[in-house]
file entry-v9.csv (CSV, C-alpha atoms)
chain,number,residue,atom,x,y,z
A,1,MET,CA,32.1,33.1,12.8
A,2,ALA,CA,34.6,34.4,15.3
A,3,GLY,CA,36.9,35.5,12.4
A,4,LEU,CA,34.0,37.3,10.6
A,5,THR,CA,33.0,39.0,13.9
A,6,ALA,CA,36.6,40.2,14.4
A,7,VAL,CA,37.0,41.7,11.0
A,8,ASN,CA,33.6,43.4,11.1
A,9,PHE,CA,34.1,45.0,14.5
A,10,PHE,CA,37.6,46.1,13.6
A,11,ARG,CA,35.9,47.8,10.7
A,12,ILE,CA,33.3,49.4,12.9
A,13,GLY,CA,35.8,50.7,15.4
A,14,TYR,CA,38.1,52.0,12.7
A,15,GLN,CA,35.3,53.6,10.7
A,16,LEU,CA,33.9,55.3,13.8
A,17,VAL,CA,37.1,57.1,14.7
A,18,VAL,CA,38.2,57.9,11.2
A,19,ALA,CA,34.8,59.3,10.1
A,20,ALA,CA,34.2,61.3,13.2
A,21,TRP,CA,37.7,62.8,13.4
A,22,ALA,CA,37.9,63.5,9.7
A,23,ALA,CA,34.5,65.3,9.8
A,24,VAL,CA,35.6,67.5,12.7
A,25,GLN,CA,38.9,68.3,11.1
A,26,ILE,CA,37.6,69.1,7.6
A,27,THR,CA,34.8,71.4,8.8
A,28,GLY,CA,36.5,72.7,12.0
A,29,ARG,CA,33.2,72.4,13.8
A,30,ALA,CA,32.5,70.4,17.0
A,31,ASP,CA,29.0,69.5,15.7
A,32,ALA,CA,30.3,67.9,12.5
A,33,ALA,CA,30.3,64.4,14.0
A,34,PRO,CA,26.7,64.6,15.2
A,35,MET,CA,25.7,66.0,11.8
A,36,LEU,CA,27.4,63.1,10.1
A,37,LEU,CA,25.5,60.6,12.3
A,38,LEU,CA,22.2,62.5,11.8
A,39,ILE,CA,22.5,62.1,8.0
A,40,ALA,CA,23.2,58.4,8.3
A,41,THR,CA,20.4,57.9,10.8
A,42,VAL,CA,17.7,59.5,8.5
A,43,ALA,CA,18.8,57.2,5.7
A,44,SER,CA,18.7,54.1,8.0
A,45,MET,CA,15.2,55.1,9.2
A,46,VAL,CA,13.8,55.4,5.7
A,47,LEU,CA,15.4,52.2,4.4
A,48,ALA,CA,15.5,49.8,7.3
A,49,PRO,CA,12.0,48.3,7.0
A,50,ILE,CA,12.4,47.8,3.3
A,51,LEU,CA,15.8,46.1,3.8
A,52,GLY,CA,14.6,43.9,6.6
A,53,ALA,CA,11.7,42.6,4.5
A,54,MET,CA,14.1,42.0,1.6
A,55,VAL,CA,16.4,39.9,3.9
A,56,ASP,CA,13.4,37.7,4.9
A,57,ILE,CA,12.1,37.4,1.3
A,58,VAL,CA,15.3,36.3,-0.4
A,59,ALA,CA,15.7,32.6,0.2
A,60,ARG,CA,19.5,32.6,-0.3
A,61,LYS,CA,20.7,34.1,2.9
A,62,LYS,CA,24.4,33.7,2.0
A,63,THR,CA,23.8,35.8,-1.1
A,64,MET,CA,22.3,38.5,1.0
A,65,LEU,CA,25.2,38.3,3.4
A,66,LEU,CA,27.7,38.7,0.6
A,67,SER,CA,25.8,41.6,-0.9
A,68,GLY,CA,26.0,43.4,2.4
A,69,HIS,CA,29.8,42.9,2.7
A,70,LEU,CA,30.5,43.9,-0.9
A,71,GLY,CA,28.4,47.0,-0.3
A,72,ILE,CA,30.6,48.0,2.7
A,73,ALA,CA,33.6,47.5,0.4
A,74,LEU,CA,32.0,50.0,-2.1
A,75,ALA,CA,31.3,52.4,0.8
A,76,GLY,CA,34.9,52.7,1.9
A,77,ALA,CA,36.0,53.7,-1.6
A,78,THR,CA,33.4,56.5,-1.9
A,79,PRO,CA,35.5,59.4,-0.4
A,80,LEU,CA,38.3,58.6,-2.8
A,81,PHE,CA,35.9,58.7,-5.7
A,82,ALA,CA,34.5,62.0,-4.5
A,83,GLU,CA,38.0,63.5,-4.1
A,84,LYS,CA,38.9,62.5,-7.7
A,85,MET,CA,35.8,64.1,-9.0
A,86,LEU,CA,36.5,67.3,-7.0
A,87,ALA,CA,40.1,67.7,-8.1
A,88,GLY,CA,41.7,66.4,-4.9
A,89,ARG,CA,39.5,68.2,-2.3
A,90,ALA,CA,38.3,66.1,0.6
A,91,THR,CA,34.7,66.9,1.5
A,92,PHE,CA,32.3,66.3,4.3
A,93,VAL,CA,29.8,65.0,1.7
A,94,GLY,CA,32.2,62.1,0.7
A,95,ILE,CA,32.5,61.1,4.3
A,96,ALA,CA,28.8,61.2,4.9
A,97,ALA,CA,28.2,59.0,1.8
A,98,THR,CA,30.5,56.4,3.2
A,99,VAL,CA,28.8,56.3,6.6
A,100,VAL,CA,25.3,56.2,5.0
A,101,LEU,CA,26.3,53.3,2.6
A,102,ALA,CA,28.1,51.4,5.3
A,103,ASN,CA,25.0,51.7,7.7
A,104,VAL,CA,22.6,50.6,4.9
A,105,PHE,CA,24.6,47.5,3.9
A,106,SER,CA,25.3,46.6,7.5
A,107,VAL,CA,21.5,46.2,8.0
A,108,VAL,CA,21.5,43.7,5.1
A,109,SER,CA,24.5,41.7,6.3
A,110,GLY,CA,23.4,41.9,10.0
A,111,GLY,CA,19.9,40.6,9.2
A,112,ALA,CA,21.3,37.8,7.1
A,113,MET,CA,23.9,36.8,9.7
A,114,ASP,CA,21.0,36.4,12.3
A,115,TYR,CA,19.8,33.4,10.2
A,116,PHE,CA,23.2,31.8,10.5
A,117,LEU,CA,23.5,32.4,14.2
A,118,LYS,CA,20.0,31.0,14.9
A,119,ALA,CA,20.8,27.9,12.8
A,120,HIS,CA,24.2,27.2,14.2
A,121,LEU,CA,24.2,28.4,17.9
A,122,PRO,CA,22.4,25.8,20.1
A,123,GLN,CA,19.8,27.2,22.4
A,124,PRO,CA,21.4,26.1,25.8
A,125,GLU,CA,24.8,27.6,24.8
A,126,ARG,CA,23.7,30.8,23.2
A,127,THR,CA,24.5,33.2,26.0
A,128,ARG,CA,28.0,31.9,26.4
A,129,GLN,CA,28.7,31.7,22.7
A,130,LEU,CA,27.4,35.2,22.1
A,131,ALA,CA,29.5,36.4,25.0
A,132,THR,CA,32.5,34.8,23.4
A,133,LEU,CA,31.7,36.5,20.1
A,134,ASN,CA,31.3,39.7,22.0
A,135,SER,CA,34.7,39.3,23.5
A,136,THR,CA,36.1,38.8,20.1
A,137,ALA,CA,34.3,41.9,18.9
A,138,GLN,CA,35.5,44.1,21.7
A,139,ILE,CA,39.2,43.1,21.1
A,140,ALA,CA,38.7,43.9,17.4
A,141,LEU,CA,37.0,47.2,18.4
A,142,ILE,CA,40.0,48.1,20.6
A,143,VAL,CA,42.4,47.4,17.8
A,144,GLY,CA,40.2,49.1,15.3
A,145,THR,CA,39.8,52.3,17.2
A,146,GLY,CA,43.4,52.5,18.1
A,147,PHE,CA,44.5,51.9,14.5
A,148,GLY,CA,41.9,54.4,13.2
A,149,GLY,CA,43.3,57.1,15.5
A,150,LEU,CA,46.8,56.4,14.3
A,151,VAL,CA,46.0,56.3,10.6
A,152,ILE,CA,43.8,59.4,10.5
A,153,SER,CA,46.5,61.4,12.3
A,154,ARG,CA,48.9,60.7,9.5
A,155,ALA,CA,47.0,59.9,6.3
A,156,VAL,CA,44.7,61.7,3.9
A,157,SER,CA,41.1,61.0,5.0
A,158,SER,CA,40.1,59.6,1.6
A,159,HIS,CA,42.9,57.1,1.7
A,160,ALA,CA,42.2,56.2,5.3
A,161,PHE,CA,38.7,55.0,4.3
A,162,LEU,CA,40.2,52.4,1.9
A,163,VAL,CA,40.8,50.2,5.0
A,164,VAL,CA,37.0,50.0,5.3
A,165,SER,CA,36.9,48.8,1.7
A,166,LEU,CA,39.6,46.2,2.5
A,167,CYS,CA,37.6,44.9,5.5
A,168,GLY,CA,34.4,44.6,3.3
A,169,ALA,CA,36.3,42.6,0.7
A,170,VAL,CA,37.8,40.3,3.4
A,171,LEU,CA,34.4,39.7,4.9
A,172,ALA,CA,32.9,38.8,1.6
A,173,GLY,CA,35.8,36.5,0.7
A,174,CYS,CA,35.7,34.7,4.1
A,175,SER,CA,31.9,34.4,4.1
A,176,TYR,CA,32.0,32.9,0.6
A,177,CYS,CA,34.7,30.3,1.5
A,178,LEU,CA,33.7,29.5,5.1
A,179,LEU,CA,30.0,29.7,5.5
A,180,PRO,CA,27.6,27.0,4.1
A,181,SER,CA,24.7,27.8,1.9
A,182,LEU,CA,21.5,28.6,3.8
A,183,ASN,CA,18.2,28.7,1.9
A,184,VAL,CA,15.1,29.7,3.8
A,185,ILE,CA,11.8,30.2,1.9
A,186,ARG,CA,9.1,32.1,3.7
A,187,ASP,CA,5.8,32.6,2.0
A,188,GLU,CA,4.7,34.8,4.9
A,189,ALA,CA,7.5,37.2,4.1
A,190,ARG,CA,6.2,37.6,0.6
A,191,SER,CA,2.7,38.3,1.6
A,192,SER,CA,3.9,40.8,4.2
A,193,TRP,CA,5.9,42.6,1.5
A,194,LYS,CA,2.9,42.8,-0.8
A,195,ARG,CA,0.9,44.5,2.0
A,196,GLY,CA,3.4,47.3,2.2
A,197,VAL,CA,6.4,48.6,4.1
A,198,PHE,CA,4.5,49.4,7.3
A,199,SER,CA,3.4,45.8,7.7
A,200,ALA,CA,7.1,44.8,7.6
A,201,GLY,CA,8.0,47.5,10.1
A,202,PRO,CA,6.9,48.8,13.6
A,203,ALA,CA,3.4,47.5,13.2
A,204,LEU,CA,4.8,44.0,14.0
A,205,TYR,CA,5.4,45.1,17.6
A,206,LEU,CA,1.6,45.3,18.1
A,207,ALA,CA,1.5,41.5,17.8
A,208,HIS,CA,4.8,40.9,19.5
A,209,ARG,CA,5.0,43.2,22.5
A,210,ARG,CA,7.6,41.1,24.4
A,211,LEU,CA,9.9,41.8,21.5
A,212,PHE,CA,9.1,45.5,21.8
A,213,LEU,CA,10.4,45.4,25.4
A,214,ILE,CA,13.6,43.6,24.3
A,215,ALA,CA,14.2,46.0,21.5
A,216,SER,CA,13.5,49.0,23.8
A,217,CYS,CA,16.1,47.7,26.3
A,218,ALA,CA,18.7,47.3,23.5
A,219,ALA,CA,17.9,50.7,22.0
A,220,LEU,CA,18.3,52.5,25.3
A,221,ALA,CA,21.7,50.9,25.8
A,222,PHE,CA,22.7,51.8,22.2
A,223,SER,CA,21.4,55.4,22.8
A,224,ILE,CA,24.1,55.8,25.5
A,225,GLY,CA,26.7,54.8,22.9
A,226,GLN,CA,25.2,57.2,20.4
A,227,VAL,CA,25.4,60.1,22.9
A,228,THR,CA,29.1,59.2,23.3
A,229,ASN,CA,29.6,59.0,19.5
A,230,THR,CA,27.9,62.3,19.1
A,231,LEU,CA,29.5,64.4,21.8
A,232,LEU,CA,32.8,62.8,22.6
A,233,PRO,CA,34.7,63.9,19.4
A,234,GLY,CA,33.9,67.6,20.0
A,235,LEU,CA,34.5,67.3,23.7
A,236,VAL,CA,38.0,65.9,23.3
A,237,SER,CA,39.0,68.0,20.3
A,238,VAL,CA,37.3,71.4,20.9
A,239,TYR,CA,36.8,71.6,24.7
A,240,LEU,CA,39.7,69.4,26.1
A,241,HIS,CA,42.1,70.2,23.2
A,242,GLY,CA,43.0,66.6,22.9
A,243,THR,CA,44.4,64.7,19.9
A,244,SER,CA,42.9,61.9,17.8
A,245,VAL,CA,45.0,59.5,19.8
A,246,ASN,CA,43.3,60.7,23.0
A,247,TYR,CA,39.9,60.2,21.4
A,248,SER,CA,40.7,56.7,20.3
A,249,MET,CA,42.0,55.9,23.8
A,250,VAL,CA,38.7,56.8,25.3
A,251,GLU,CA,36.8,54.8,22.7
A,252,GLY,CA,39.2,51.9,23.5
A,253,ALA,CA,38.4,52.2,27.2
A,254,TRP,CA,34.8,51.6,26.4
A,255,SER,CA,35.8,48.5,24.4
A,256,VAL,CA,38.0,47.2,27.2
A,257,GLY,CA,35.0,47.3,29.6
A,258,ALA,CA,32.8,45.5,27.1
A,259,LEU,CA,35.5,42.9,26.5
A,260,LEU,CA,35.9,42.0,30.2
A,261,THR,CA,32.1,41.8,30.6
A,262,GLY,CA,32.0,39.4,27.6
A,263,VAL,CA,34.7,37.3,29.1
A,264,TRP,CA,32.9,37.1,32.4
A,265,LEU,CA,29.6,36.1,30.8
A,266,ALA,CA,31.3,33.5,28.6
A,267,ARG,CA,32.9,32.0,31.7
A,268,PHE,CA,30.2,32.2,34.4
A,269,SER,CA,26.8,32.7,32.7
A,270,THR,CA,24.1,30.0,32.8
A,271,HIS,CA,21.0,29.3,30.8
A,272,ALA,CA,18.9,30.4,33.8
A,273,SER,CA,16.3,33.1,33.2
A,274,SER,CA,17.1,36.7,34.0
A,275,SER,CA,14.8,39.6,34.5
A,276,ILE,CA,14.8,42.2,31.8
A,277,HIS,CA,14.1,44.8,34.6
A,278,ARG,CA,17.6,44.3,35.9
A,279,ASP,CA,18.9,45.4,32.5
A,280,PHE,CA,16.8,48.5,32.6
A,281,MET,CA,18.3,49.3,36.1
A,282,VAL,CA,21.8,48.8,34.6
A,283,ILE,CA,20.9,51.4,31.9
A,284,GLY,CA,19.7,53.8,34.6
A,285,ALA,CA,23.0,53.5,36.3
A,286,MET,CA,24.8,54.1,33.0
A,287,ALA,CA,22.8,57.3,32.5
A,288,VAL,CA,24.1,58.6,35.8
A,289,VAL,CA,27.7,58.0,34.7
A,290,LEU,CA,27.0,59.6,31.3
A,291,ALA,CA,25.7,62.8,32.9
A,292,ALA,CA,29.0,63.0,34.9
A,293,ILE,CA,31.4,62.8,31.9
A,294,PRO,CA,31.8,66.5,31.2
A,295,PHE,CA,32.6,67.2,34.8
A,296,CYS,CA,35.3,64.6,35.2
A,297,PRO,CA,38.4,66.0,36.8
A,298,SER,CA,41.1,64.3,34.7
A,299,PHE,CA,41.7,62.2,31.6
A,300,PRO,CA,42.1,59.0,33.7
A,301,ALA,CA,38.7,59.6,35.1
A,302,LEU,CA,37.3,60.0,31.6
A,303,LEU,CA,38.8,56.6,30.7
A,304,LEU,CA,37.3,55.0,33.8
A,305,MET,CA,33.8,56.3,33.1
A,306,HIS,CA,33.9,55.0,29.5
A,307,PHE,CA,35.2,51.7,30.8
A,308,LEU,CA,32.2,51.4,33.0
A,309,LEU,CA,29.8,52.4,30.3
A,310,GLY,CA,31.3,49.8,28.0
A,311,ALA,CA,30.9,47.1,30.6
A,312,GLY,CA,27.2,48.0,31.1
A,313,PHE,CA,26.6,48.2,27.4
A,314,ALA,CA,28.0,44.8,26.8
A,315,LEU,CA,26.0,43.2,29.6
A,316,VAL,CA,22.7,44.6,28.3
A,317,ARG,CA,23.6,43.9,24.7
A,318,ILE,CA,24.5,40.3,25.1
A,319,ARG,CA,21.4,39.5,27.2
A,320,SER,CA,19.2,41.4,24.7
A,321,GLU,CA,20.7,39.4,21.8
A,322,THR,CA,20.1,36.2,23.6
A,323,ARG,CA,16.5,37.0,24.3
A,324,PHE,CA,16.0,38.2,20.7
A,325,LEU,CA,17.3,35.0,19.1
A,326,SER,CA,15.4,32.8,21.5
A,327,GLU,CA,12.0,34.6,21.1
A,328,CYS,CA,11.8,36.0,17.6
A,329,PRO,CA,9.9,33.8,15.1
A,330,ALA,CA,12.3,32.4,12.6
A,331,GLN,CA,10.5,33.9,9.6
A,332,LEU,CA,10.6,37.4,11.0
A,333,LEU,CA,14.4,37.7,11.9
A,334,GLY,CA,15.2,40.1,9.1
A,335,ARG,CA,12.3,42.4,9.8
A,336,PHE,CA,12.7,42.5,13.5
A,337,ARG,CA,16.4,43.1,13.2
A,338,ALA,CA,15.6,46.0,10.9
A,339,ASN,CA,12.9,47.2,13.3
A,340,SER,CA,15.4,47.2,16.1
A,341,SER,CA,17.7,49.3,13.9
A,342,LEU,CA,14.7,51.6,13.1
A,343,MET,CA,14.0,52.1,16.8
A,344,THR,CA,17.7,52.8,17.6
A,345,SER,CA,17.8,55.2,14.6
A,346,SER,CA,14.7,57.0,15.8
A,347,ILE,CA,16.2,57.7,19.2
A,348,GLY,CA,19.5,58.6,17.5
A,349,LEU,CA,17.8,61.1,15.3
A,350,THR,CA,17.0,63.2,18.4
A,351,ILE,CA,20.4,62.7,19.8
A,352,PHE,CA,22.3,63.6,16.7
A,353,ALA,CA,20.1,66.6,16.0
A,354,ALA,CA,20.4,68.1,19.5
A,355,PRO,CA,23.8,69.8,19.1
A,356,THR,CA,22.7,71.4,15.8
A,357,LEU,CA,19.3,72.5,17.1
A,358,CYS,CA,20.6,73.7,20.5
A,359,ARG,CA,23.6,75.7,19.3
A,360,GLY,CA,23.8,77.7,22.5
A,361,ALA,CA,24.0,74.6,24.7
A,362,THR,CA,27.3,73.6,26.3
A,363,ALA,CA,28.7,70.2,26.1
A,364,ALA,CA,27.9,69.7,29.8
A,365,GLY,CA,24.3,70.7,29.3
A,366,LEU,CA,23.9,68.3,26.4
A,367,TYR,CA,25.4,65.4,28.3
A,368,VAL,CA,23.1,66.0,31.3
A,369,ALA,CA,20.0,66.6,29.2
A,370,MET,CA,20.4,63.4,27.1
A,371,ALA,CA,21.3,61.3,30.2
A,372,GLY,CA,18.3,62.6,32.0
A,373,ALA,CA,16.0,61.7,29.0
A,374,ILE,CA,17.4,58.2,29.0
A,375,ALA,CA,16.9,57.8,32.8
A,376,ILE,CA,13.3,59.1,32.6
A,377,THR,CA,12.5,56.6,29.8
A,378,VAL,CA,13.9,53.8,31.9
A,379,ILE,CA,11.8,54.8,34.8
A,380,GLY,CA,8.7,55.0,32.6
A,381,LEU,CA,9.3,51.5,31.2
A,382,LEU,CA,9.8,50.1,34.6
A,383,LEU,CA,6.6,51.6,35.9
A,384,ALA,CA,4.7,50.4,32.9
A,385,THR,CA,5.9,46.9,33.3
A,386,ARG,CA,5.9,46.4,37.0
A,387,GLN,CA,5.5,42.6,36.8
A,388,SER,CA,9.0,41.2,36.1
A,389,VAL,CA,9.1,39.3,32.7
A,390,VAL,CA,11.8,36.8,32.1
A,391,VAL,CA,12.8,34.6,29.2
A,392,GLY,CA,10.6,31.5,29.2
A,393,SER,CA,7.9,33.1,31.4
A,394,PRO,CA,4.2,32.8,30.3
A,395,ALA,CA,4.4,36.3,28.8
A,396,ALA,CA,7.1,35.2,26.5
A,397,THR,CA,6.0,31.7,25.4
A,398,GLY,CA,3.5,33.0,22.9
A,399,TYR,CA,6.4,34.5,20.9
A,400,CYS,CA,8.9,31.6,21.3
A,401,ALA,CA,9.4,30.0,17.9
A,402,ASN,CA,13.1,29.8,18.7
A,403,LYS,CA,15.9,33.3,19.3
A,404,SER,CA,19.4,36.3,20.0
A,405,GLY,CA,20.8,39.7,18.9
A,406,PRO,CA,26.8,48.0,17.7
A,407,ASN,CA,29.9,51.4,19.7
A,408,THR,CA,27.6,52.4,16.6
A,409,SER,CA,27.1,52.0,13.1

call {"tool": "encode", "arguments": {"input": "entry-v9.csv", "output": "structure tokens"}}
result
Amino acid sequence: MAGLTAVNFFRIGYQLVVAAWAAVQITGRADAAPMLLLIATVASMVLAPILGAMVDIVARKKTMLLSGHLGIALAGATPLFAEKMLAGRATFVGIAATVVLANVFSVVSGGAMDYFLKAHLPQPERTRQLATLNSTAQIALIVGTGFGGLVISRAVSSHAFLVVSLCGAVLAGCSYCLLPSLNVIRDEARSSWKRGVFSAGPALYLAHRRLFLIASCAALAFSIGQVTNTLLPGLVSVYLHGTSVNYSMVEGAWSVGALLTGVWLARFSTHASSSIHRDFMVIGAMAVVLAAIPFCPSFPALLLMHFLLGAGFALVRIRSETRFLSECPAQLLGRFRANSSLMTSSIGLTIFAAPTLCRGATAAGLYVAMAGAIAITVIGLLLATRQSVVVGSPAATGYCANKSGPNTS
């Protein structure tokens, strides 16, 4: 699984830099990157509940995993197809199609992979093993973002996206050869599907409120990454007059912070319960750092801030994933993974739309406003759940049928 994680997160880091930078360069607009993410988010919000239910319904989880990987391979070739159809002209539409398709098929492959993780990661060792996988992922992200910055600075954008196709093909090949068959038949999933999409979506949180807290914690951490993905390309390119290499270095600093956190957790974490409130406090501290980014005095300070954000993100993410795999009922893995994606996308919709809707706002104003909204949400959740709830506490045992759980898309 470490090899699959490495290839997938190399693809994520590479795609993030190539798509954002290509969009800004083709359009010449600082809000091109957030517009790209906005389009992909709307598509994910519409399709995530349906895709999550499909992952739970289909008994052959390996088939679903392969479908997701092959879909990513198709997504990477989309800009080249679009360019051929438009007589050699690279377009924003082709890039947007790639990001949308990659996000959609990632929901499928991610939901299917949860079944393999739950089946093969023993409960007492989940935190350490997930932390080890996180370290592998962050190394791959560092390499991917760096390689993406180098490639997009020299290659035609449509050709640069072919690396995404190659990664999807490698993932499909490795999954087919290395992973065992995994068949899980769930009658409950079929009845849920017949009742409609909503029953497979957010309505499930009404019966599993502990999972709502876990998903909220993870979504707030992801929202900080989404703010960075939205505003950083324009900040570096338009306001700081930096290069694609500067941009990839900042993204790499985030990954280095996340990597070191993963190594620390893999080495020193225990199976002892930890309060989810502590993770909310970490997110609050990250919001303060986020608000300070546009006022940083130098490029090294910018790197340091993103290093700290990456470290905090990894800490919250790994703990949230561990809680998710431990507490989510086995037959609902695909739907709750899709619901988590839906929640993240809903928050992202506001973040990605902000630069377009607030055209007169400065980069500093957007950073401060979004960081403030995250901080206020954290405070509200802390006040609404004053009694600390930890994994294995009475509040959680009702939902413990077993359980674990992107920078970005």

call {"tool": "closest_residue", "arguments": {"input": "entry-v9.csv", "among": "A:Ser153, A:Thr356, A:Ser341, A:Ser181", "to": "Pro49 in chain A", "atoms": "only C-alpha atoms"}}
result
A:Ser341

call {"tool": "atom_distance", "arguments": {"input": "entry-v9.csv", "atom1": "CA of Ile318 in chain A", "atom2": "CA of Asp279 in chain A"}}
result
10.6 Å

call {"tool": "closest_residue", "arguments": {"input": "entry-v9.csv", "among": "A:Val104, A:Ile376, A:Ala160, A:Ala6", "to": "Thr41 in chain A", "atoms": "all atoms listed in the file"}}
result
A:Val104

call {"tool": "atom_distance", "arguments": {"input": "entry-v9.csv", "atom1": "CA of Phe10 in chain A", "atom2": "CA of Gly334 in chain A"}}
result
23.6 Å

call {"tool": "atom_distance", "arguments": {"input": "entry-v9.csv", "atom1": "CA of Ser248 in chain A", "atom2": "CA of Ser157 in chain A"}}
result
15.9 Å

call {"tool": "closest_atom_pairs", "arguments": {"input": "entry-v9.csv", "of": "range 230-281 of chain A", "to": "range 138-146 of chain A", "cutoff": "7 Å", "atoms": "all atoms listed in the file", "output": "CSV"}}
result
residue,atom,partner,partner_atom,distance
A:Ser248,CA,A:Gly146,CA,5.5
A:Met249,CA,A:Gly146,CA,6.8
A:Glu251,CA,A:Thr145,CA,6.7
A:Gly252,CA,A:Ile142,CA,4.8
A:Ser255,CA,A:Gln138,CA,5.2
A:Val256,CA,A:Gln138,CA,6.8
A:Ala258,CA,A:Gln138,CA,6.2
A:Leu259,CA,A:Gln138,CA,4.9

call {"tool": "residues_around", "arguments": {"input": "entry-v9.csv", "residues": "Cys177 in chain A", "least_positions_apart": "3", "cutoff": "12 Å", "atoms": "all atoms listed in the file", "output": "list in words"}}
result
Met1, Leu4, Lys62, Leu66, Val170, Leu171, Ala172, Gly173, Cys174, Pro180 and Ser181 of chain A

call {"tool": "closest_residue", "arguments": {"input": "entry-v9.csv", "among": "A:Ala253, A:Ala338, A:Ile276, A:Gly13", "to": "Phe105 in chain A", "atoms": "all atoms listed in the file"}}
result
A:Ala338

call {"tool": "residues_around", "arguments": {"input": "entry-v9.csv", "residues": "Glu321 in chain A", "least_positions_apart": "2", "cutoff": "10 Å", "atoms": "all atoms listed in the file", "output": "list in words"}}
result
Asp114, Arg126, Thr127, Leu130, Ala131, Ile214, Ala215, Ala218, Val316, Arg317, Ile318, Arg319, Arg323, Phe324, Leu325, Ser326, Glu327, Lys403, Ser404 and Gly405 of chain A

call {"tool": "closest_residue", "arguments": {"input": "entry-v9.csv", "among": "A:Leu240, A:Val55, A:Leu304, A:Leu80", "to": "Gly94 in chain A", "atoms": "all atoms listed in the file"}}
result
A:Leu80

call {"tool": "closest_residue", "arguments": {"input": "entry-v9.csv", "among": "A:Val107, A:Val263, A:Val288, A:Leu16", "to": "Ala137 in chain A", "atoms": "only C-alpha atoms"}}
result
A:Val263

call {"tool": "residues_around", "arguments": {"input": "entry-v9.csv", "residues": "range 229-238 of chain A", "least_positions_apart": "5", "cutoff": "10 Å", "atoms": "only C-alpha atoms", "output": "number ranges by chain"}}
result
A: 16-17, 20-21, 23-25, 28-38, 223-224, 243-244, 246-248, 250-251, 293-294, 299, 348, 351-355, 362-364, 366-367, 407-409

call {"tool": "residues_near_point", "arguments": {"input": "entry-v9.csv", "point": "(35.5, 58.0, -5.8)", "cutoff": "12 Å", "atoms": "all atoms listed in the file", "output": "list in words"}}
result
Leu74, Ala75, Gly76, Ala77, Thr78, Pro79, Leu80, Phe81, Ala82, Glu83, Lys84, Met85, Leu86, Ala87, Gly88, Arg89, Ala90, Thr91, Val93, Gly94, Ile95, Ala97, Thr98, Ser158, His159, Phe161, Leu162 and Ser165 of chain A

call {"tool": "closest_residue", "arguments": {"input": "entry-v9.csv", "among": "A:Gln129, A:Asn134, A:Ser340, A:Asn8", "to": "Cys328 in chain A", "atoms": "all atoms listed in the file"}}
result
A:Ser340

call {"tool": "closest_atom_pairs", "arguments": {"input": "entry-v9.csv", "of": "range 201-240 of chain A", "to": "range 377-383 of chain A", "cutoff": "9 Å", "atoms": "all atoms listed in the file", "output": "JSON lines"}}
result
{"residue": "A:Leu213", "atom": "CA", "partner": "A:Leu381", "partner_atom": "CA", "distance": 8.5}
{"residue": "A:Ser216", "atom": "CA", "partner": "A:Leu381", "partner_atom": "CA", "distance": 8.9}
{"residue": "A:Cys217", "atom": "CA", "partner": "A:Val378", "partner_atom": "CA", "distance": 8.6}
{"residue": "A:Leu220", "atom": "CA", "partner": "A:Val378", "partner_atom": "CA", "distance": 8.0}

call {"tool": "residues_around", "arguments": {"input": "entry-v9.csv", "residues": "Val368 in chain A", "least_positions_apart": "4", "cutoff": "8 Å", "atoms": "only C-alpha atoms", "output": "list in words"}}
result
Leu290, Ala291, Ala292, Ala364 and Gly372 of chain A

call {"tool": "build_atoms", "arguments": {"input": "entry-v9.csv", "residues": "range 247-256 of chain A", "atoms": "N, CA and C atoms", "output": "PDB file, in the coordinates of the input"}}
result
ATOM      1  N   TYR A 247      41.301  60.651  21.705  1.00  0.00           N
ATOM      2  CA  TYR A 247      39.900  60.200  21.400  1.00  0.00           C
ATOM      3  C   TYR A 247      39.837  58.717  21.221  1.00  0.00           C
ATOM      4  N   SER A 248      40.786  58.132  20.480  1.00  0.00           N
ATOM      5  CA  SER A 248      40.700  56.700  20.300  1.00  0.00           C
ATOM      6  C   SER A 248      41.002  55.924  21.558  1.00  0.00           C
ATOM      7  N   MET A 249      41.776  56.504  22.488  1.00  0.00           N
ATOM      8  CA  MET A 249      42.000  55.900  23.800  1.00  0.00           C
ATOM      9  C   MET A 249      40.725  55.779  24.595  1.00  0.00           C
ATOM     10  N   VAL A 250      39.928  56.840  24.569  1.00  0.00           N
ATOM     11  CA  VAL A 250      38.700  56.800  25.300  1.00  0.00           C
ATOM     12  C   VAL A 250      37.707  55.810  24.690  1.00  0.00           C
ATOM     13  N   GLU A 251      37.638  55.791  23.364  1.00  0.00           N
ATOM     14  CA  GLU A 251      36.800  54.800  22.700  1.00  0.00           C
ATOM     15  C   GLU A 251      37.322  53.383  23.040  1.00  0.00           C
ATOM     16  N   GLY A 252      38.647  53.234  23.133  1.00  0.00           N
ATOM     17  CA  GLY A 252      39.200  51.900  23.500  1.00  0.00           C
ATOM     18  C   GLY A 252      38.877  51.524  24.907  1.00  0.00           C
ATOM     19  N   ALA A 253      38.785  52.489  25.832  1.00  0.00           N
ATOM     20  CA  ALA A 253      38.400  52.200  27.200  1.00  0.00           C
ATOM     21  C   ALA A 253      37.010  51.580  27.272  1.00  0.00           C
ATOM     22  N   TRP A 254      36.101  52.126  26.473  1.00  0.00           N
ATOM     23  CA  TRP A 254      34.800  51.600  26.400  1.00  0.00           C
ATOM     24  C   TRP A 254      34.846  50.091  25.931  1.00  0.00           C
ATOM     25  N   SER A 255      35.659  49.827  24.922  1.00  0.00           N
ATOM     26  CA  SER A 255      35.800  48.500  24.400  1.00  0.00           C
ATOM     27  C   SER A 255      36.411  47.514  25.396  1.00  0.00           C
ATOM     28  N   VAL A 256      37.351  48.006  26.190  1.00  0.00           N
ATOM     29  CA  VAL A 256      38.000  47.200  27.200  1.00  0.00           C
ATOM     30  C   VAL A 256      36.924  46.727  28.245  1.00  0.00           C
TER      31      VAL A 256
END
